[in-house]
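One structure is given here, and the rest of the page talks about it.
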Protein chains: 2
Amino acid sequence: MTADERIRDVATVLFFERGYHGTTMREIGKRAGMKAASLYNHYPGKQELFHRIVAETTRALIDEARARLAGRDDPEDRLRTLIDCHVRYHVDHRLAARVSEDQLNALEPPNRSDVVGLRDEYERLFKQILSEGQARAGWQVPDVAVVASAIATMCTQVAGWFREDDRLNAGDVARIYADFALSGVAPATARA
Amino acid sequence: MTADERIRDVATVLFFERGYHGTTMREIGKRAGMKAASLYNHYPGKQELFHRIVAETTRALIDEARARLAGRDDPEDRLRTLIDCHVRYHVDHRLAARVSEDQLNALEPPNRSDVVGLRDEYERLFKQILSEGQARAGWQVPDVAVVASAIATMCTQVAGWFREDDRLNAGDVARIYADFALSGVAPATARA
DNA sequence: CCGTTAGGCTAACGAGCGTTAGTTAGCGAG
DNA sequence: CTCGCTAACTAACGCTCGTTAGCCTAACGG
């Protein structure tokens, strides 16, 4: 593991625990095993370090979702896949994922609109699947934007409580959420 | 409106926009129409001001929920009522509600566990209703804690996007969420 | 009409912040 | 062996932070 990666990881933990403004470069340095000044050999500054964490996390989520959706056509299959992907991602990267949610407005304007664009791009995946479901599978969705946001948010929350050694694994949780979401949009056909 | 209230309100806006650590007493003072030092005539310090905002917000939500649930017995009625209450509260107090979510760990330990206790108390309302629904109305809930958190979270999110002049009012949104939640836990009986 | 008090103010303190400058140790390549 | 580069270090700068001390003034009760 390179020093760059170690810095990014300890910074993620600290941004999660204390927020962006509550985290100091001196503390990041201490946990990464160096002085604050040495961090500047790896990143140009605190804001850029933060931005890279958030942007890379969000970008990776989008890319993984697109890859797993590729080639799938059935709306139910697509929604289940996207939810599974979303839940797994938020379980595997819970700290970075929550930081990207909660600390969004600690990003300075240019970085911020950059990330907001990525998030819109991601949310569009949910909206598209819901629209497809309406058009081709008879789903009943009172408001695509509201329901898309509801589903995504409820799945995001998994990052807040999930722990590895639970009686549930990530796949189980994803299935619960997917069943729940589908029963909300699809006629009884989808229910067990 | 007293000066105390004005300070509390502008502080809420700032904590929302910039987070606890990103907000300065000088800026709170400026927006409240006084110097930072004068704030100490009204609150003993920044942390106490913040704690009061979060604690009073959460306490008020619990009290209102309890009041509206009192006397209602049918699980579906209770769940719809709680969701309606939750949505309205998060629409009417969106800034304070989101601050209470996102900035929770800016609370110092004694204040923090205080608020965490309040939140547990509130979440228990959801869990109890789901359990009652299982026992008395044949609801199917794979995991009470997971589903309770999912429902609450998806409703909480309303604070993130709702605006007064929308084509939807708070009651409409609450109904969408309640229908969605009920179709996820109740057999087909509850569907229109 | 005066004493008290509530609620502003200015000035300042000590601490900690992000960041920069300049230096140095280690190490692989020529 | 030595050059040059990487990545660490120490020291410090300028700034802002939360907070305190002390002062001033307007309003009000006796």
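Identifiers in this document derive from the order of the structure tokens: chains are assigned A, B, ..., residues are numbered from 1 separately in each chain, and ligands are numbered from 1 in order of occurrence.
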Write out as a list in words the residues lying within 10 Å of DG18 in chain D, counting only C-alpha atoms (C1' of nucleotides) and excluding same-chain residues fewer than 3 positions away. Thr24, Met25, Arg26, Ala36, Ala37, Gly45 and Lys46 of chain B; DA15 of chain C
Distance cut-off 9 Å, counting only C-alpha atoms (C1' of nucleotides) - which residues of chain D neighbour chain B? Return them as a PyMOL selection string. chain D and resi 17-20
Hand me chain B as it sits after a least-squares fit onto chain A over every Cα, paired in order, written as a PDB file with C-alpha atoms, in the first residue's frame.
ATOM      1  CA  MET B   1       0.009   0.008  -0.049  1.00  0.00           C
ATOM      2  CA  THR B   2       1.529   3.308  -1.093  1.00  0.00           C
ATOM      3  CA  ALA B   3       1.747   6.302   1.187  1.00  0.00           C
ATOM      4  CA  ASP B   4      -0.764   8.090  -1.043  1.00  0.00           C
ATOM      5  CA  GLU B   5      -3.292   5.358  -0.402  1.00  0.00           C
ATOM      6  CA  ARG B   6      -2.644   5.241   3.313  1.00  0.00           C
ATOM      7  CA  ILE B   7      -3.172   8.984   3.549  1.00  0.00           C
ATOM      8  CA  ARG B   8      -6.384   8.745   1.571  1.00  0.00           C
ATOM      9  CA  ASP B   9      -7.668   5.963   3.823  1.00  0.00           C
ATOM     10  CA  VAL B  10      -6.917   7.581   7.158  1.00  0.00           C
ATOM     11  CA  ALA B  11      -8.302  10.864   5.846  1.00  0.00           C
ATOM     12  CA  THR B  12     -11.515   9.072   4.916  1.00  0.00           C
ATOM     13  CA  VAL B  13     -11.860   7.736   8.444  1.00  0.00           C
ATOM     14  CA  LEU B  14     -11.279  11.156   9.945  1.00  0.00           C
ATOM     15  CA  PHE B  15     -13.621  12.974   7.579  1.00  0.00           C
ATOM     16  CA  PHE B  16     -16.205  10.383   8.521  1.00  0.00           C
ATOM     17  CA  GLU B  17     -15.671  10.697  12.259  1.00  0.00           C
ATOM     18  CA  ARG B  18     -15.283  14.453  12.527  1.00  0.00           C
ATOM     19  CA  GLY B  19     -16.378  16.007   9.271  1.00  0.00           C
ATOM     20  CA  TYR B  20     -14.231  17.971   6.846  1.00  0.00           C
ATOM     21  CA  HIS B  21     -13.805  21.109   8.930  1.00  0.00           C
ATOM     22  CA  GLY B  22     -13.364  19.114  12.124  1.00  0.00           C
ATOM     23  CA  THR B  23     -10.422  17.209  10.672  1.00  0.00           C
ATOM     24  CA  THR B  24      -6.929  18.691  10.784  1.00  0.00           C
ATOM     25  CA  MET B  25      -3.973  18.024   8.553  1.00  0.00           C
ATOM     26  CA  ARG B  26      -1.925  17.364  11.676  1.00  0.00           C
ATOM     27  CA  GLU B  27      -4.244  14.541  12.722  1.00  0.00           C
ATOM     28  CA  ILE B  28      -4.278  13.044   9.238  1.00  0.00           C
ATOM     29  CA  GLY B  29      -0.501  13.135   9.279  1.00  0.00           C
ATOM     30  CA  LYS B  30      -0.261  11.545  12.696  1.00  0.00           C
ATOM     31  CA  ARG B  31      -2.433   8.590  11.696  1.00  0.00           C
ATOM     32  CA  ALA B  32      -0.597   8.194   8.413  1.00  0.00           C
ATOM     33  CA  GLY B  33       2.717   8.119  10.255  1.00  0.00           C
ATOM     34  CA  MET B  34       4.162  11.474   9.241  1.00  0.00           C
ATOM     35  CA  LYS B  35       4.015  15.174  10.012  1.00  0.00           C
ATOM     36  CA  ALA B  36       1.338  17.397   8.504  1.00  0.00           C
ATOM     37  CA  ALA B  37       3.834  19.152   6.281  1.00  0.00           C
ATOM     38  CA  SER B  38       4.832  15.886   4.641  1.00  0.00           C
ATOM     39  CA  LEU B  39       1.299  15.366   3.380  1.00  0.00           C
ATOM     40  CA  TYR B  40       1.998  18.090   0.845  1.00  0.00           C
ATOM     41  CA  ASN B  41       4.442  15.771  -0.867  1.00  0.00           C
ATOM     42  CA  HIS B  42       1.411  13.663  -1.833  1.00  0.00           C
ATOM     43  CA  TYR B  43      -1.540  16.025  -2.184  1.00  0.00           C
ATOM     44  CA  PRO B  44      -1.617  19.719  -2.976  1.00  0.00           C
ATOM     45  CA  GLY B  45      -3.869  20.522  -0.021  1.00  0.00           C
ATOM     46  CA  LYS B  46      -6.720  19.504   2.244  1.00  0.00           C
ATOM     47  CA  GLN B  47      -9.514  20.465  -0.123  1.00  0.00           C
ATOM     48  CA  GLU B  48      -7.999  18.564  -3.052  1.00  0.00           C
ATOM     49  CA  LEU B  49      -7.477  15.482  -0.891  1.00  0.00           C
ATOM     50  CA  PHE B  50     -11.088  15.638   0.167  1.00  0.00           C
ATOM     51  CA  HIS B  51     -12.323  16.209  -3.352  1.00  0.00           C
ATOM     52  CA  ARG B  52     -10.410  13.232  -4.672  1.00  0.00           C
ATOM     53  CA  ILE B  53     -11.899  10.948  -2.052  1.00  0.00           C
ATOM     54  CA  VAL B  54     -15.446  12.029  -2.816  1.00  0.00           C
ATOM     55  CA  ALA B  55     -15.094  12.143  -6.589  1.00  0.00           C
ATOM     56  CA  GLU B  56     -13.309   8.811  -6.923  1.00  0.00           C
ATOM     57  CA  THR B  57     -15.828   7.116  -4.636  1.00  0.00           C
ATOM     58  CA  THR B  58     -18.783   8.406  -6.609  1.00  0.00           C
ATOM     59  CA  ARG B  59     -17.181   7.728  -9.969  1.00  0.00           C
ATOM     60  CA  ALA B  60     -16.391   4.137  -8.999  1.00  0.00           C
ATOM     61  CA  LEU B  61     -19.982   3.561  -7.913  1.00  0.00           C
ATOM     62  CA  ILE B  62     -21.323   4.768 -11.252  1.00  0.00           C
ATOM     63  CA  ASP B  63     -18.869   2.687 -13.254  1.00  0.00           C
ATOM     64  CA  GLU B  64     -19.634  -0.449 -11.309  1.00  0.00           C
ATOM     65  CA  ALA B  65     -23.372   0.066 -11.660  1.00  0.00           C
ATOM     66  CA  ARG B  66     -23.108   0.586 -15.405  1.00  0.00           C
ATOM     67  CA  ALA B  67     -20.947  -2.493 -15.809  1.00  0.00           C
ATOM     68  CA  ARG B  68     -23.335  -4.725 -13.915  1.00  0.00           C
ATOM     69  CA  LEU B  69     -26.398  -3.368 -15.708  1.00  0.00           C
ATOM     70  CA  ALA B  70     -24.871  -3.874 -19.152  1.00  0.00           C
ATOM     71  CA  GLY B  71     -26.665  -6.510 -21.163  1.00  0.00           C
ATOM     72  CA  ARG B  72     -29.604  -6.801 -18.771  1.00  0.00           C
ATOM     73  CA  ASP B  73     -32.965  -5.891 -20.183  1.00  0.00           C
ATOM     74  CA  ASP B  74     -35.796  -6.937 -17.877  1.00  0.00           C
ATOM     75  CA  PRO B  75     -36.774  -4.014 -15.597  1.00  0.00           C
ATOM     76  CA  GLU B  76     -37.140  -6.153 -12.487  1.00  0.00           C
ATOM     77  CA  ASP B  77     -33.762  -7.751 -13.125  1.00  0.00           C
ATOM     78  CA  ARG B  78     -32.237  -4.326 -13.666  1.00  0.00           C
ATOM     79  CA  LEU B  79     -33.710  -2.871 -10.491  1.00  0.00           C
ATOM     80  CA  ARG B  80     -32.591  -5.840  -8.425  1.00  0.00           C
ATOM     81  CA  THR B  81     -29.119  -5.599  -9.913  1.00  0.00           C
ATOM     82  CA  LEU B  82     -28.814  -1.883  -9.276  1.00  0.00           C
ATOM     83  CA  ILE B  83     -29.993  -2.243  -5.688  1.00  0.00           C
ATOM     84  CA  ASP B  84     -27.598  -5.130  -5.104  1.00  0.00           C
ATOM     85  CA  CYS B  85     -24.760  -3.094  -6.540  1.00  0.00           C
ATOM     86  CA  HIS B  86     -25.724  -0.064  -4.487  1.00  0.00           C
ATOM     87  CA  VAL B  87     -25.978  -1.989  -1.231  1.00  0.00           C
ATOM     88  CA  ARG B  88     -22.724  -3.851  -1.754  1.00  0.00           C
ATOM     89  CA  TYR B  89     -20.928  -0.665  -2.601  1.00  0.00           C
ATOM     90  CA  HIS B  90     -22.203   1.130   0.471  1.00  0.00           C
ATOM     91  CA  VAL B  91     -21.279  -1.827   2.658  1.00  0.00           C
ATOM     92  CA  ASP B  92     -17.788  -2.189   1.195  1.00  0.00           C
ATOM     93  CA  HIS B  93     -17.040   1.523   1.277  1.00  0.00           C
ATOM     94  CA  ARG B  94     -19.219   2.672   4.110  1.00  0.00           C
ATOM     95  CA  LEU B  95     -16.998   5.450   5.362  1.00  0.00           C
ATOM     96  CA  ALA B  96     -16.255   7.013   1.998  1.00  0.00           C
ATOM     97  CA  ALA B  97     -19.894   6.633   0.967  1.00  0.00           C
ATOM     98  CA  ARG B  98     -21.195   8.388   4.035  1.00  0.00           C
ATOM     99  CA  VAL B  99     -18.611  11.119   3.812  1.00  0.00           C
ATOM    100  CA  SER B 100     -19.685  11.731   0.238  1.00  0.00           C
ATOM    101  CA  GLU B 101     -23.256  12.136   1.440  1.00  0.00           C
ATOM    102  CA  ASP B 102     -22.887  14.095   4.616  1.00  0.00           C
ATOM    103  CA  GLN B 103     -19.969  16.343   3.843  1.00  0.00           C
ATOM    104  CA  LEU B 104     -21.050  17.324   0.358  1.00  0.00           C
ATOM    105  CA  ASN B 105     -21.236  21.015   1.061  1.00  0.00           C
ATOM    106  CA  ALA B 106     -17.761  21.115   2.481  1.00  0.00           C
ATOM    107  CA  LEU B 107     -16.656  20.940  -1.151  1.00  0.00           C
ATOM    108  CA  GLU B 108     -15.801  24.327  -2.557  1.00  0.00           C
ATOM    109  CA  PRO B 109     -17.922  25.440  -5.502  1.00  0.00           C
ATOM    110  CA  PRO B 110     -16.035  24.092  -8.531  1.00  0.00           C
ATOM    111  CA  ASN B 111     -15.423  20.723  -6.878  1.00  0.00           C
ATOM    112  CA  ARG B 112     -18.910  20.677  -5.557  1.00  0.00           C
ATOM    113  CA  SER B 113     -20.792  21.084  -8.808  1.00  0.00           C
ATOM    114  CA  ASP B 114     -18.473  18.486 -10.263  1.00  0.00           C
ATOM    115  CA  VAL B 115     -19.629  15.937  -7.689  1.00  0.00           C
ATOM    116  CA  VAL B 116     -23.268  17.000  -7.861  1.00  0.00           C
ATOM    117  CA  GLY B 117     -23.127  16.226 -11.567  1.00  0.00           C
ATOM    118  CA  LEU B 118     -21.864  12.737 -10.831  1.00  0.00           C
ATOM    119  CA  ARG B 119     -24.653  12.161  -8.356  1.00  0.00           C
ATOM    120  CA  ASP B 120     -27.275  13.288 -10.845  1.00  0.00           C
ATOM    121  CA  GLU B 121     -25.791  10.897 -13.341  1.00  0.00           C
ATOM    122  CA  TYR B 122     -26.100   8.082 -10.848  1.00  0.00           C
ATOM    123  CA  GLU B 123     -29.646   8.899  -9.776  1.00  0.00           C
ATOM    124  CA  ARG B 124     -30.657   8.928 -13.423  1.00  0.00           C
ATOM    125  CA  LEU B 125     -29.977   5.178 -13.493  1.00  0.00           C
ATOM    126  CA  PHE B 126     -32.731   4.650 -10.930  1.00  0.00           C
ATOM    127  CA  LYS B 127     -35.133   6.958 -12.706  1.00  0.00           C
ATOM    128  CA  GLN B 128     -34.561   5.292 -16.052  1.00  0.00           C
ATOM    129  CA  ILE B 129     -35.278   1.849 -14.654  1.00  0.00           C
ATOM    130  CA  LEU B 130     -38.478   3.070 -13.013  1.00  0.00           C
ATOM    131  CA  SER B 131     -39.603   4.658 -16.287  1.00  0.00           C
ATOM    132  CA  GLU B 132     -38.839   1.489 -18.211  1.00  0.00           C
ATOM    133  CA  GLY B 133     -40.806  -0.489 -15.645  1.00  0.00           C
ATOM    134  CA  GLN B 134     -43.770   1.821 -16.099  1.00  0.00           C
ATOM    135  CA  ALA B 135     -43.650   1.610 -19.872  1.00  0.00           C
ATOM    136  CA  ARG B 136     -42.901  -2.066 -20.330  1.00  0.00           C
ATOM    137  CA  ALA B 137     -43.838  -3.959 -17.167  1.00  0.00           C
ATOM    138  CA  GLY B 138     -46.903  -2.097 -15.948  1.00  0.00           C
ATOM    139  CA  TRP B 139     -45.256  -0.703 -12.829  1.00  0.00           C
ATOM    140  CA  GLN B 140     -47.203   1.929 -10.960  1.00  0.00           C
ATOM    141  CA  VAL B 141     -44.966   4.793  -9.929  1.00  0.00           C
ATOM    142  CA  PRO B 142     -46.793   7.864  -8.651  1.00  0.00           C
ATOM    143  CA  ASP B 143     -43.759  10.111  -9.107  1.00  0.00           C
ATOM    144  CA  VAL B 144     -40.571   8.787 -10.667  1.00  0.00           C
ATOM    145  CA  ALA B 145     -38.249  11.302  -9.029  1.00  0.00           C
ATOM    146  CA  VAL B 146     -39.745  10.872  -5.563  1.00  0.00           C
ATOM    147  CA  VAL B 147     -39.724   7.094  -5.684  1.00  0.00           C
ATOM    148  CA  ALA B 148     -36.237   6.904  -7.188  1.00  0.00           C
ATOM    149  CA  SER B 149     -34.912   9.072  -4.400  1.00  0.00           C
ATOM    150  CA  ALA B 150     -36.802   7.039  -1.808  1.00  0.00           C
ATOM    151  CA  ILE B 151     -35.352   3.744  -3.003  1.00  0.00           C
ATOM    152  CA  ALA B 152     -31.813   5.037  -3.331  1.00  0.00           C
ATOM    153  CA  THR B 153     -31.905   6.700   0.059  1.00  0.00           C
ATOM    154  CA  MET B 154     -33.239   3.729   1.912  1.00  0.00           C
ATOM    155  CA  CYS B 155     -30.463   1.589   0.417  1.00  0.00           C
ATOM    156  CA  THR B 156     -27.817   4.178   1.137  1.00  0.00           C
ATOM    157  CA  GLN B 157     -28.702   4.030   4.802  1.00  0.00           C
ATOM    158  CA  VAL B 158     -27.227   0.538   4.975  1.00  0.00           C
ATOM    159  CA  ALA B 159     -23.855   2.218   5.372  1.00  0.00           C
ATOM    160  CA  GLY B 160     -25.063   3.582   8.700  1.00  0.00           C
ATOM    161  CA  TRP B 161     -25.694   0.349  10.531  1.00  0.00           C
ATOM    162  CA  PHE B 162     -24.338  -2.642   8.632  1.00  0.00           C
ATOM    163  CA  ARG B 163     -21.485  -4.611  10.197  1.00  0.00           C
ATOM    164  CA  GLU B 164     -19.660  -7.510   8.573  1.00  0.00           C
ATOM    165  CA  ASP B 165     -20.302 -10.067  11.297  1.00  0.00           C
ATOM    166  CA  ASP B 166     -24.022  -9.630  11.270  1.00  0.00           C
ATOM    167  CA  ARG B 167     -26.449 -12.461  10.791  1.00  0.00           C
ATOM    168  CA  LEU B 168     -27.172 -10.806   7.443  1.00  0.00           C
ATOM    169  CA  ASN B 169     -24.690 -10.442   4.631  1.00  0.00           C
ATOM    170  CA  ALA B 170     -24.812  -7.700   2.040  1.00  0.00           C
ATOM    171  CA  GLY B 171     -26.671  -9.871  -0.454  1.00  0.00           C
ATOM    172  CA  ASP B 172     -29.401 -10.625   2.095  1.00  0.00           C
ATOM    173  CA  VAL B 173     -29.885  -6.964   2.820  1.00  0.00           C
ATOM    174  CA  ALA B 174     -29.984  -6.152  -0.870  1.00  0.00           C
ATOM    175  CA  ARG B 175     -32.684  -8.763  -1.377  1.00  0.00           C
ATOM    176  CA  ILE B 176     -34.788  -7.347   1.448  1.00  0.00           C
ATOM    177  CA  TYR B 177     -34.532  -3.888  -0.064  1.00  0.00           C
ATOM    178  CA  ALA B 178     -35.215  -5.130  -3.585  1.00  0.00           C
ATOM    179  CA  ASP B 179     -38.301  -7.051  -2.490  1.00  0.00           C
ATOM    180  CA  PHE B 180     -39.480  -4.028  -0.597  1.00  0.00           C
ATOM    181  CA  ALA B 181     -38.889  -1.673  -3.502  1.00  0.00           C
ATOM    182  CA  LEU B 182     -40.458  -3.955  -6.077  1.00  0.00           C
ATOM    183  CA  SER B 183     -43.582  -4.539  -4.012  1.00  0.00           C
ATOM    184  CA  GLY B 184     -43.967  -0.785  -3.923  1.00  0.00           C
ATOM    185  CA  VAL B 185     -43.866  -0.292  -7.680  1.00  0.00           C
ATOM    186  CA  ALA B 186     -44.904  -3.587  -9.251  1.00  0.00           C
ATOM    187  CA  PRO B 187     -48.325  -5.214  -9.280  1.00  0.00           C
ATOM    188  CA  ALA B 188     -48.710  -8.341  -7.184  1.00  0.00           C
ATOM    189  CA  THR B 189     -46.920 -10.419  -9.833  1.00  0.00           C
ATOM    190  CA  ALA B 190     -43.557  -9.765  -8.273  1.00  0.00           C
ATOM    191  CA  ARG B 191     -44.477 -10.896  -4.787  1.00  0.00           C
ATOM    192  CA  ALA B 192     -43.571 -14.346  -3.489  1.00  0.00           C
TER     193      ALA B 192
END
Surrounding residues of DT4 in chain C excluding itself and chain neighbours under 5 positions, 12 Å, only C-alpha atoms (C1' of nucleotides), as an NGL selection string: :D and (27-30)
What would the file look like if the residues just selected were written as a CSV table (one decimal), in the first residue's frame with C-alpha atoms (C1' of nucleotides)?
chain,number,residue,atom,x,y,z
D,27,DA,C1',-34.9,51.1,29.8
D,28,DC,C1',-37.3,50.4,34.0
D,29,DG,C1',-38.8,49.8,38.9
D,30,DG,C1',-38.9,52.1,43.5
Which residues of chain C have any atom within 9 Å of an atom in chain A when counting only C-alpha atoms (C1' of nucleotides), and what is the closest pair of atoms for each, with the distance in Å to one decimal? Order the rows by chain and rising number and write it as a Markdown table.
| residue | atom | partner | partner_atom | distance |
| --- | --- | --- | --- | --- |
| C:DC17 | C1' | A:Thr24 | CA | 7.6 |
| C:DG18 | C1' | A:Met25 | CA | 7.5 |
| C:DT19 | C1' | A:Ala37 | CA | 8.0 |
| C:DT20 | C1' | A:Ala37 | CA | 8.9 |
Would you return as a PyMOL selection string the members of chain A that DSSP assigns to alpha helix (DSSP H) on this structure's backbone? chain A and resi 3-18+25-32+46-69+75-92+94-102+109-137+144-156+158-161+170-185
Between C1' of DC1 in chain D and C1' of DC27 in chain C, measure the distance and give it in Å to one decimal.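 Between these atoms lies a distance of 13.5 Å.
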Show me, as a PyMOL selection string, the residues that have an atom within 12 Å of DT25 in chain D when counting only C-alpha atoms (C1' of nucleotides), minus same-chain residues fewer than 4 positions from it. chain C and resi 5-9
Generate a file of the selected residues that holds N, CA and C atoms (P, O5', C5', C4', C3', O3' and C1' of nucleotides), formatted as a short mmCIF file (atom, residue, chain, number, x, y, z; two decimals), in the first residue's frame.
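The new file out-v4.cif reads:
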data_model
loop_
_atom_site.label_atom_id
_atom_site.label_comp_id
_atom_site.auth_asym_id
_atom_site.auth_seq_id
_atom_site.Cartn_x
_atom_site.Cartn_y
_atom_site.Cartn_z
P DT C 5 -29.21 44.04 39.94
"O5'" DT C 5 -29.66 43.71 38.44
"C5'" DT C 5 -30.94 44.15 37.98
"C4'" DT C 5 -30.96 44.19 36.46
"C3'" DT C 5 -30.00 43.20 35.79
"O3'" DT C 5 -30.66 42.65 34.68
"C1'" DT C 5 -29.67 45.31 34.90
P DA C 6 -30.57 41.11 34.35
"O5'" DA C 6 -31.15 41.12 32.86
"C5'" DA C 6 -32.16 42.07 32.52
"C4'" DA C 6 -31.93 42.58 31.11
"C3'" DA C 6 -31.30 41.55 30.19
"O3'" DA C 6 -31.96 41.62 28.94
"C1'" DA C 6 -29.96 43.50 30.23
P DG C 7 -31.63 40.54 27.82
"O5'" DG C 7 -30.64 41.37 26.89
"C5'" DG C 7 -31.07 42.59 26.34
"C4'" DG C 7 -29.89 43.25 25.68
"C3'" DG C 7 -29.05 42.28 24.84
"O3'" DG C 7 -28.77 42.87 23.59
"C1'" DG C 7 -27.69 43.49 26.27
P DG C 8 -28.52 41.94 22.32
"O5'" DG C 8 -27.87 42.96 21.28
"C5'" DG C 8 -26.46 43.04 21.18
"C4'" DG C 8 -26.00 44.45 21.45
"C3'" DG C 8 -24.55 44.70 21.08
"O3'" DG C 8 -24.47 45.11 19.73
"C1'" DG C 8 -24.97 45.50 23.27
P DC C 9 -23.23 44.67 18.87
"O5'" DC C 9 -22.03 45.50 19.51
"C5'" DC C 9 -22.05 46.92 19.43
"C4'" DC C 9 -20.92 47.49 20.28
"C3'" DC C 9 -19.55 46.98 19.88
"O3'" DC C 9 -18.98 47.88 18.93
"C1'" DC C 9 -19.83 46.91 22.26
#
State, in Å with one decimal place, the distance from C1' of DA25 in chain C to C1' of DC5 in chain D. 12.2 Å
